[in-house]
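Okay, input.txt now, which holds compact mmCIF, N, CA and C atoms:
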# COMPACT_ATOMS: atom_id res chain seq x y z
N GLN A 1 4.50 276.55 137.18
CA GLN A 1 3.98 276.70 135.83
C GLN A 1 4.48 275.55 134.96
N VAL A 2 3.58 274.94 134.23
CA VAL A 2 3.94 273.83 133.37
C VAL A 2 4.39 274.35 132.01
N GLN A 3 5.46 273.81 131.51
CA GLN A 3 5.94 274.16 130.16
C GLN A 3 5.66 273.00 129.22
N LEU A 4 5.23 273.33 128.01
CA LEU A 4 5.00 272.33 126.97
C LEU A 4 5.87 272.70 125.78
N VAL A 5 6.78 271.85 125.42
CA VAL A 5 7.69 272.12 124.31
C VAL A 5 7.31 271.24 123.13
N GLU A 6 6.94 271.90 122.03
CA GLU A 6 6.50 271.19 120.83
C GLU A 6 7.62 271.14 119.80
N SER A 7 7.54 270.14 118.96
CA SER A 7 8.47 270.03 117.85
C SER A 7 7.83 269.19 116.76
N GLY A 8 8.41 269.31 115.55
CA GLY A 8 7.99 268.43 114.47
C GLY A 8 7.19 269.04 113.36
N GLY A 9 6.83 270.30 113.43
CA GLY A 9 6.09 270.90 112.33
C GLY A 9 6.96 271.08 111.11
N GLY A 10 6.35 271.55 110.03
CA GLY A 10 7.12 271.78 108.81
C GLY A 10 6.24 271.84 107.60
N LEU A 11 6.88 271.72 106.45
CA LEU A 11 6.21 271.79 105.16
C LEU A 11 6.21 270.41 104.53
N VAL A 12 5.05 270.00 104.03
CA VAL A 12 4.93 268.68 103.41
C VAL A 12 3.94 268.78 102.27
N GLN A 13 4.10 267.92 101.29
CA GLN A 13 3.15 267.88 100.18
C GLN A 13 1.90 267.12 100.58
N ALA A 14 0.81 267.44 99.92
CA ALA A 14 -0.44 266.72 100.17
C ALA A 14 -0.22 265.22 99.99
N GLY A 15 -0.79 264.45 100.92
CA GLY A 15 -0.61 263.00 100.90
C GLY A 15 0.54 262.53 101.75
N GLY A 16 1.36 263.46 102.21
CA GLY A 16 2.51 263.11 103.02
C GLY A 16 2.17 262.99 104.50
N SER A 17 3.24 262.82 105.30
CA SER A 17 3.07 262.60 106.74
C SER A 17 3.99 263.52 107.54
N LEU A 18 3.53 263.84 108.73
CA LEU A 18 4.35 264.58 109.70
C LEU A 18 3.99 264.08 111.08
N GLY A 19 4.97 264.14 111.98
CA GLY A 19 4.71 263.78 113.36
C GLY A 19 5.05 264.94 114.27
N LEU A 20 4.14 265.27 115.16
CA LEU A 20 4.36 266.33 116.14
C LEU A 20 4.63 265.70 117.50
N SER A 21 5.50 266.34 118.26
CA SER A 21 5.82 265.87 119.61
C SER A 21 5.61 267.00 120.60
N CYS A 22 5.26 266.62 121.80
CA CYS A 22 5.06 267.60 122.88
C CYS A 22 5.66 267.02 124.15
N ALA A 23 6.56 267.78 124.76
CA ALA A 23 7.23 267.33 125.98
C ALA A 23 6.84 268.24 127.13
N PRO A 24 5.98 267.76 128.04
CA PRO A 24 5.63 268.57 129.21
C PRO A 24 6.76 268.57 130.23
N SER A 25 6.77 269.58 131.08
CA SER A 25 7.80 269.69 132.10
C SER A 25 7.45 268.89 133.35
N ARG A 26 6.35 268.14 133.25
CA ARG A 26 5.89 267.28 134.33
C ARG A 26 5.44 265.96 133.75
N SER A 27 5.29 264.94 134.56
CA SER A 27 4.89 263.64 134.07
C SER A 27 3.58 263.72 133.28
N ILE A 28 3.54 263.05 132.14
CA ILE A 28 2.33 263.05 131.34
C ILE A 28 1.16 262.41 132.09
N PHE A 29 1.46 261.59 133.06
CA PHE A 29 0.40 260.92 133.83
C PHE A 29 -0.15 261.79 134.96
N SER A 30 0.42 262.95 135.14
CA SER A 30 -0.07 263.86 136.17
C SER A 30 -1.21 264.74 135.67
N PHE A 31 -1.50 264.67 134.37
CA PHE A 31 -2.54 265.50 133.79
C PHE A 31 -3.84 264.72 133.61
N ARG A 32 -4.95 265.42 133.66
CA ARG A 32 -6.24 264.81 133.40
C ARG A 32 -6.35 264.40 131.93
N GLY A 33 -5.72 265.18 131.08
CA GLY A 33 -5.73 264.86 129.66
C GLY A 33 -4.72 265.71 128.91
N LEU A 34 -4.38 265.26 127.73
CA LEU A 34 -3.47 265.97 126.83
C LEU A 34 -4.12 266.02 125.46
N GLY A 35 -3.77 267.03 124.70
CA GLY A 35 -4.38 267.10 123.38
C GLY A 35 -3.67 268.07 122.46
N TRP A 36 -4.25 268.14 121.26
CA TRP A 36 -3.73 269.04 120.23
C TRP A 36 -4.88 269.86 119.66
N TYR A 37 -4.66 271.17 119.59
CA TYR A 37 -5.55 272.08 118.90
C TYR A 37 -4.83 272.57 117.64
N ARG A 38 -5.59 273.14 116.75
CA ARG A 38 -4.97 273.81 115.60
C ARG A 38 -5.78 275.06 115.27
N GLN A 39 -5.08 276.01 114.65
CA GLN A 39 -5.74 277.23 114.21
C GLN A 39 -5.19 277.62 112.84
N ALA A 40 -6.07 277.65 111.88
CA ALA A 40 -5.70 278.08 110.53
C ALA A 40 -5.97 279.57 110.40
N PRO A 41 -5.30 280.24 109.47
CA PRO A 41 -5.49 281.68 109.29
C PRO A 41 -6.95 282.02 109.04
N GLY A 42 -7.47 282.97 109.81
CA GLY A 42 -8.83 283.41 109.63
C GLY A 42 -9.89 282.48 110.16
N LYS A 43 -9.46 281.42 110.84
CA LYS A 43 -10.43 280.46 111.36
C LYS A 43 -10.32 280.34 112.87
N GLN A 44 -11.36 279.79 113.48
CA GLN A 44 -11.34 279.58 114.92
C GLN A 44 -10.45 278.40 115.28
N ARG A 45 -9.97 278.44 116.50
CA ARG A 45 -9.16 277.34 116.99
C ARG A 45 -10.02 276.09 117.08
N GLU A 46 -9.44 274.96 116.70
CA GLU A 46 -10.18 273.70 116.63
C GLU A 46 -9.47 272.62 117.43
N LEU A 47 -10.23 271.89 118.23
CA LEU A 47 -9.67 270.75 118.95
C LEU A 47 -9.54 269.59 117.98
N VAL A 48 -8.35 269.05 117.84
CA VAL A 48 -8.07 268.01 116.86
C VAL A 48 -8.07 266.62 117.50
N ALA A 49 -7.37 266.49 118.62
CA ALA A 49 -7.23 265.17 119.23
C ALA A 49 -6.97 265.31 120.72
N THR A 50 -7.48 264.35 121.49
CA THR A 50 -7.21 264.31 122.92
C THR A 50 -6.92 262.89 123.35
N ILE A 51 -6.18 262.79 124.45
CA ILE A 51 -5.96 261.48 125.07
C ILE A 51 -6.07 261.68 126.57
N SER A 52 -6.89 260.85 127.18
CA SER A 52 -7.16 261.01 128.61
C SER A 52 -6.07 260.38 129.46
N LYS A 53 -6.17 260.57 130.74
CA LYS A 53 -5.21 260.01 131.69
C LYS A 53 -5.13 258.49 131.57
N VAL A 54 -6.27 257.88 131.26
CA VAL A 54 -6.30 256.42 131.15
C VAL A 54 -6.08 255.93 129.71
N GLY A 55 -5.77 256.87 128.83
CA GLY A 55 -5.39 256.47 127.48
C GLY A 55 -6.50 256.46 126.45
N GLU A 56 -7.66 256.98 126.79
CA GLU A 56 -8.75 257.04 125.82
C GLU A 56 -8.49 258.17 124.83
N ALA A 57 -8.44 257.83 123.56
CA ALA A 57 -8.13 258.81 122.51
C ALA A 57 -9.39 259.21 121.76
N LYS A 58 -9.47 260.49 121.43
CA LYS A 58 -10.58 261.00 120.63
C LYS A 58 -10.03 261.90 119.54
N LEU A 59 -10.64 261.84 118.37
CA LEU A 59 -10.21 262.64 117.23
C LEU A 59 -11.40 263.37 116.64
N VAL A 60 -11.17 264.56 116.12
CA VAL A 60 -12.22 265.26 115.41
C VAL A 60 -12.51 264.48 114.13
N GLU A 61 -13.74 264.53 113.68
CA GLU A 61 -14.18 263.70 112.56
C GLU A 61 -13.31 263.88 111.31
N SER A 62 -12.88 265.11 111.05
CA SER A 62 -12.15 265.40 109.82
C SER A 62 -10.78 264.75 109.74
N VAL A 63 -10.26 264.26 110.85
CA VAL A 63 -8.92 263.65 110.83
C VAL A 63 -8.95 262.16 111.17
N LYS A 64 -10.12 261.63 111.45
CA LYS A 64 -10.22 260.20 111.77
C LYS A 64 -9.74 259.36 110.59
N GLY A 65 -8.94 258.35 110.90
CA GLY A 65 -8.37 257.50 109.86
C GLY A 65 -7.07 258.03 109.30
N ARG A 66 -6.73 259.28 109.66
CA ARG A 66 -5.49 259.87 109.16
C ARG A 66 -4.53 260.25 110.29
N PHE A 67 -5.06 260.72 111.40
CA PHE A 67 -4.23 261.16 112.52
C PHE A 67 -4.33 260.17 113.67
N THR A 68 -3.26 260.11 114.45
CA THR A 68 -3.24 259.28 115.65
C THR A 68 -2.59 260.07 116.78
N ILE A 69 -3.17 260.00 117.96
CA ILE A 69 -2.56 260.61 119.14
C ILE A 69 -2.13 259.48 120.07
N PHE A 70 -0.91 259.60 120.60
CA PHE A 70 -0.43 258.56 121.50
C PHE A 70 0.63 259.14 122.43
N ARG A 71 0.91 258.39 123.47
CA ARG A 71 1.91 258.81 124.47
C ARG A 71 3.12 257.88 124.41
N ASP A 72 4.27 258.44 124.66
CA ASP A 72 5.51 257.67 124.78
C ASP A 72 5.92 257.74 126.23
N TYR A 73 5.74 256.63 126.93
CA TYR A 73 5.99 256.63 128.37
C TYR A 73 7.47 256.86 128.69
N ALA A 74 8.32 256.24 127.92
CA ALA A 74 9.76 256.33 128.19
C ALA A 74 10.27 257.75 128.00
N LYS A 75 9.73 258.46 127.01
CA LYS A 75 10.20 259.82 126.72
C LYS A 75 9.35 260.89 127.40
N ASN A 76 8.26 260.47 128.05
CA ASN A 76 7.34 261.42 128.69
C ASN A 76 6.84 262.46 127.68
N THR A 77 6.37 261.98 126.56
CA THR A 77 5.91 262.87 125.50
C THR A 77 4.55 262.41 124.97
N VAL A 78 3.86 263.32 124.34
CA VAL A 78 2.62 263.01 123.63
C VAL A 78 2.82 263.40 122.18
N HIS A 79 2.26 262.58 121.27
CA HIS A 79 2.54 262.74 119.86
C HIS A 79 1.26 262.82 119.06
N LEU A 80 1.37 263.51 117.95
CA LEU A 80 0.29 263.52 116.96
C LEU A 80 0.91 263.09 115.63
N GLN A 81 0.59 261.88 115.22
CA GLN A 81 1.06 261.39 113.93
C GLN A 81 0.01 261.72 112.88
N MET A 82 0.43 262.44 111.86
CA MET A 82 -0.50 262.91 110.84
C MET A 82 -0.13 262.31 109.50
N ASN A 83 -1.02 261.51 108.96
CA ASN A 83 -0.81 260.87 107.66
C ASN A 83 -1.85 261.38 106.65
N ILE A 84 -1.57 261.13 105.40
CA ILE A 84 -2.46 261.53 104.30
C ILE A 84 -2.88 262.99 104.49
N LEU A 85 -1.91 263.84 104.67
CA LEU A 85 -2.19 265.24 104.96
C LEU A 85 -2.83 265.93 103.77
N LYS A 86 -3.70 266.88 104.09
CA LYS A 86 -4.42 267.65 103.08
C LYS A 86 -4.10 269.13 103.27
N PRO A 87 -4.25 269.92 102.22
CA PRO A 87 -4.00 271.37 102.37
C PRO A 87 -4.83 272.00 103.49
N GLU A 88 -6.03 271.48 103.72
CA GLU A 88 -6.87 272.04 104.78
C GLU A 88 -6.38 271.70 106.18
N ASP A 89 -5.35 270.87 106.28
CA ASP A 89 -4.73 270.62 107.58
C ASP A 89 -3.71 271.69 107.95
N THR A 90 -3.44 272.58 107.02
CA THR A 90 -2.49 273.66 107.26
C THR A 90 -2.97 274.53 108.41
N ALA A 91 -2.12 274.69 109.42
CA ALA A 91 -2.49 275.45 110.62
C ALA A 91 -1.30 275.50 111.57
N VAL A 92 -1.45 276.30 112.59
CA VAL A 92 -0.53 276.22 113.72
C VAL A 92 -1.13 275.23 114.71
N TYR A 93 -0.34 274.26 115.09
CA TYR A 93 -0.79 273.21 115.99
C TYR A 93 -0.25 273.47 117.40
N TYR A 94 -1.13 273.35 118.39
CA TYR A 94 -0.78 273.62 119.77
C TYR A 94 -1.00 272.38 120.63
N CYS A 95 -0.03 272.09 121.45
CA CYS A 95 -0.18 271.05 122.45
C CYS A 95 -0.84 271.67 123.68
N VAL A 96 -1.77 270.94 124.27
CA VAL A 96 -2.50 271.43 125.44
C VAL A 96 -2.55 270.37 126.52
N ALA A 97 -2.38 270.81 127.76
CA ALA A 97 -2.46 269.88 128.89
C ALA A 97 -3.51 270.38 129.87
N ASP A 98 -4.42 269.49 130.26
CA ASP A 98 -5.46 269.83 131.23
C ASP A 98 -5.08 269.25 132.59
N ASP A 99 -4.99 270.14 133.58
CA ASP A 99 -4.60 269.71 134.91
C ASP A 99 -5.83 269.21 135.67
N VAL A 100 -5.60 268.37 136.65
CA VAL A 100 -6.71 267.85 137.44
C VAL A 100 -7.39 268.95 138.23
N GLY A 101 -6.68 270.04 138.50
CA GLY A 101 -7.25 271.15 139.24
C GLY A 101 -8.03 272.13 138.37
N GLY A 102 -8.07 271.86 137.06
CA GLY A 102 -8.83 272.72 136.17
C GLY A 102 -7.99 273.66 135.33
N SER A 103 -6.71 273.78 135.63
CA SER A 103 -5.86 274.66 134.83
C SER A 103 -5.57 274.03 133.47
N GLN A 104 -5.30 274.88 132.51
CA GLN A 104 -4.97 274.40 131.17
C GLN A 104 -3.69 275.09 130.72
N TYR A 105 -2.80 274.31 130.15
CA TYR A 105 -1.51 274.83 129.72
C TYR A 105 -1.36 274.63 128.21
N TRP A 106 -0.70 275.62 127.57
CA TRP A 106 -0.55 275.60 126.12
C TRP A 106 0.92 275.67 125.73
N GLY A 107 1.24 274.97 124.66
CA GLY A 107 2.56 275.10 124.07
C GLY A 107 2.62 276.34 123.22
N GLN A 108 3.78 276.56 122.63
CA GLN A 108 4.00 277.79 121.86
C GLN A 108 3.45 277.68 120.45
N GLY A 109 3.14 276.48 120.02
CA GLY A 109 2.60 276.28 118.68
C GLY A 109 3.68 275.93 117.68
N THR A 110 3.31 275.09 116.73
CA THR A 110 4.23 274.71 115.67
C THR A 110 3.47 274.72 114.34
N GLN A 111 4.09 275.30 113.32
CA GLN A 111 3.42 275.48 112.03
C GLN A 111 3.46 274.19 111.21
N VAL A 112 2.32 273.82 110.68
CA VAL A 112 2.22 272.72 109.72
C VAL A 112 1.64 273.30 108.43
N THR A 113 2.38 273.13 107.34
CA THR A 113 1.93 273.63 106.05
C THR A 113 1.89 272.48 105.06
N VAL A 114 0.73 272.28 104.45
CA VAL A 114 0.56 271.21 103.48
C VAL A 114 0.31 271.84 102.12
N SER A 115 1.22 271.58 101.20
CA SER A 115 1.09 272.16 99.86
C SER A 115 0.32 271.22 98.94
N SER A 116 -0.41 271.81 98.03
CA SER A 116 -1.24 270.99 97.11
C SER A 116 -0.46 270.59 95.87
Let me see whether you can do it: turn the structure in this file into structure tokens.
Amino acid sequence: QVQLVESGGGLVQAGGSLGLSCAPSRSIFSFRGLGWYRQAPGKQRELVATISKVGEAKLVESVKGRFTIFRDYAKNTVHLQMNILKPEDTAVYYCVADDVGGSQYWGQGTQVTVSS
């Protein structure tokens, strides 16, 4: 079973920045892809950003120009850098790993709260 340990959530004012980190219990290059979902209260879970095995990054339209997803090879981690945060970014953020065999693994979630 793969474990994903997230860190970096918190409270920030609108316009501020936060960085999320996710440390899988296996090499980040062993997965077909890695990504971040978020779920706000009363809303459906939303895919925010993904990065493929070969490094192709994709972002949902609402965060383009503000968020960046990247991998740290030395630390074996995947990150979501969030800038110019808005109150509507408030959610629990989950790290997700897609295995080549089709399995999907989820982190425990980390709360991001953006105050107006």
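Atom N of A:Asn76 to atom C of A:Ser17 spans 21.2 Å [interatomic distance, one decimal].
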Which residues of stretch 54-115 of chain A sit at most 8 Å from stretch 23-27 of chain A, using only N, CA and C atoms? Give each one's shortest atom pair and distance in Å (one decimal place), in chain and ascending residue order, as CSV.
residue,atom,partner,partner_atom,distance
A:Lys75,C,A:Ala23,CA,6.9
A:Asn76,C,A:Ala23,CA,5.2
A:Thr77,CA,A:Ala23,CA,4.7
A:Val78,N,A:Ala23,N,5.2
A:His79,N,A:Ala23,N,7.6
A:Cys95,CA,A:Ala23,N,7.8
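Shortest atom-to-atom contact with A:Ala14 among A:Ser52, A:Gln39, A:Asn83, A:Gln1: A:Asn83, counting only N, CA and C atoms.
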Original post:
So how far away is atom CA of A:Ala91 from atom CA of A:Thr50, in Å?
Top reply: 17.3 Å
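Backbone DSSP of stretch 36-92 of chain A yields helix (DSSP H, G or I) at Glu61, Ser62, Val63, Pro87, Glu88 and Asp89 of chain A.
Reported to one decimal place, the separation of atom N of A:Ser62 from atom C of A:Gln104 is 23.9 Å.
Residues in contact range of stretch 40-42 of chain A, defined as at most 6.5 Å between only N, CA and C atoms, with sequence neighbours fewer than 3 positions away removed, read Arg45, Glu46, Thr90, Ala91 and Val92 of chain A.
Of the residues listed (A:Lys58, A:Arg32, A:Lys86, A:Lys53), A:Arg32 shows the shortest atom-to-atom separation from A:Val100; distances use all atoms listed in the file.
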Original post:
In stretch 63-108 of chain A, what's strand (DSSP E) per DSSP? Answer as number ranges by chain?
Top reply: A: 67-72, 77-82, 91-99, 104-106
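Closest approach to A:Cys22 among A:Ala49, A:Met82, A:Val96, A:Gly101: A:Val96, based on only N, CA and C atoms.
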Stretch 47-55 of chain A, all listed atoms, 4 Å padding on each side: what axis-aligned box centre and edge lengths in Å to one decimal come out, as JSON?
{"center_x": -7.7, "center_y": 263.9, "center_z": 124.3, "size_x": 13.1, "size_y": 24.0, "size_z": 22.8}
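Take the candidates A:Tyr105, A:Glu56, A:Asp72, A:Ser7 and check each one against A:Gly19 using only N, CA and C atoms; the shortest distance goes to A:Ser7.
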**OP:** Would you mind listing what lies within 8 Å of A:Gly109 as a PyMOL selection string, with all atoms listed in the file counted and same-chain residues fewer than 2 positions away left out?
**Re:** chain A and resi 4-7+9+91-95+106-107+111-112
Subject >> Nearest residue to A:Leu59 from the set A:Ala74, A:Val114, A:Leu47, A:Val12 (distances using all atoms listed in the file) >> reply: A:Leu47
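For the set A:Leu85, A:Leu11, A:Ile51, A:Leu18, the residue with the smallest atom-to-atom gap to A:Arg71 is A:Ile51, counting all atoms listed in the file.
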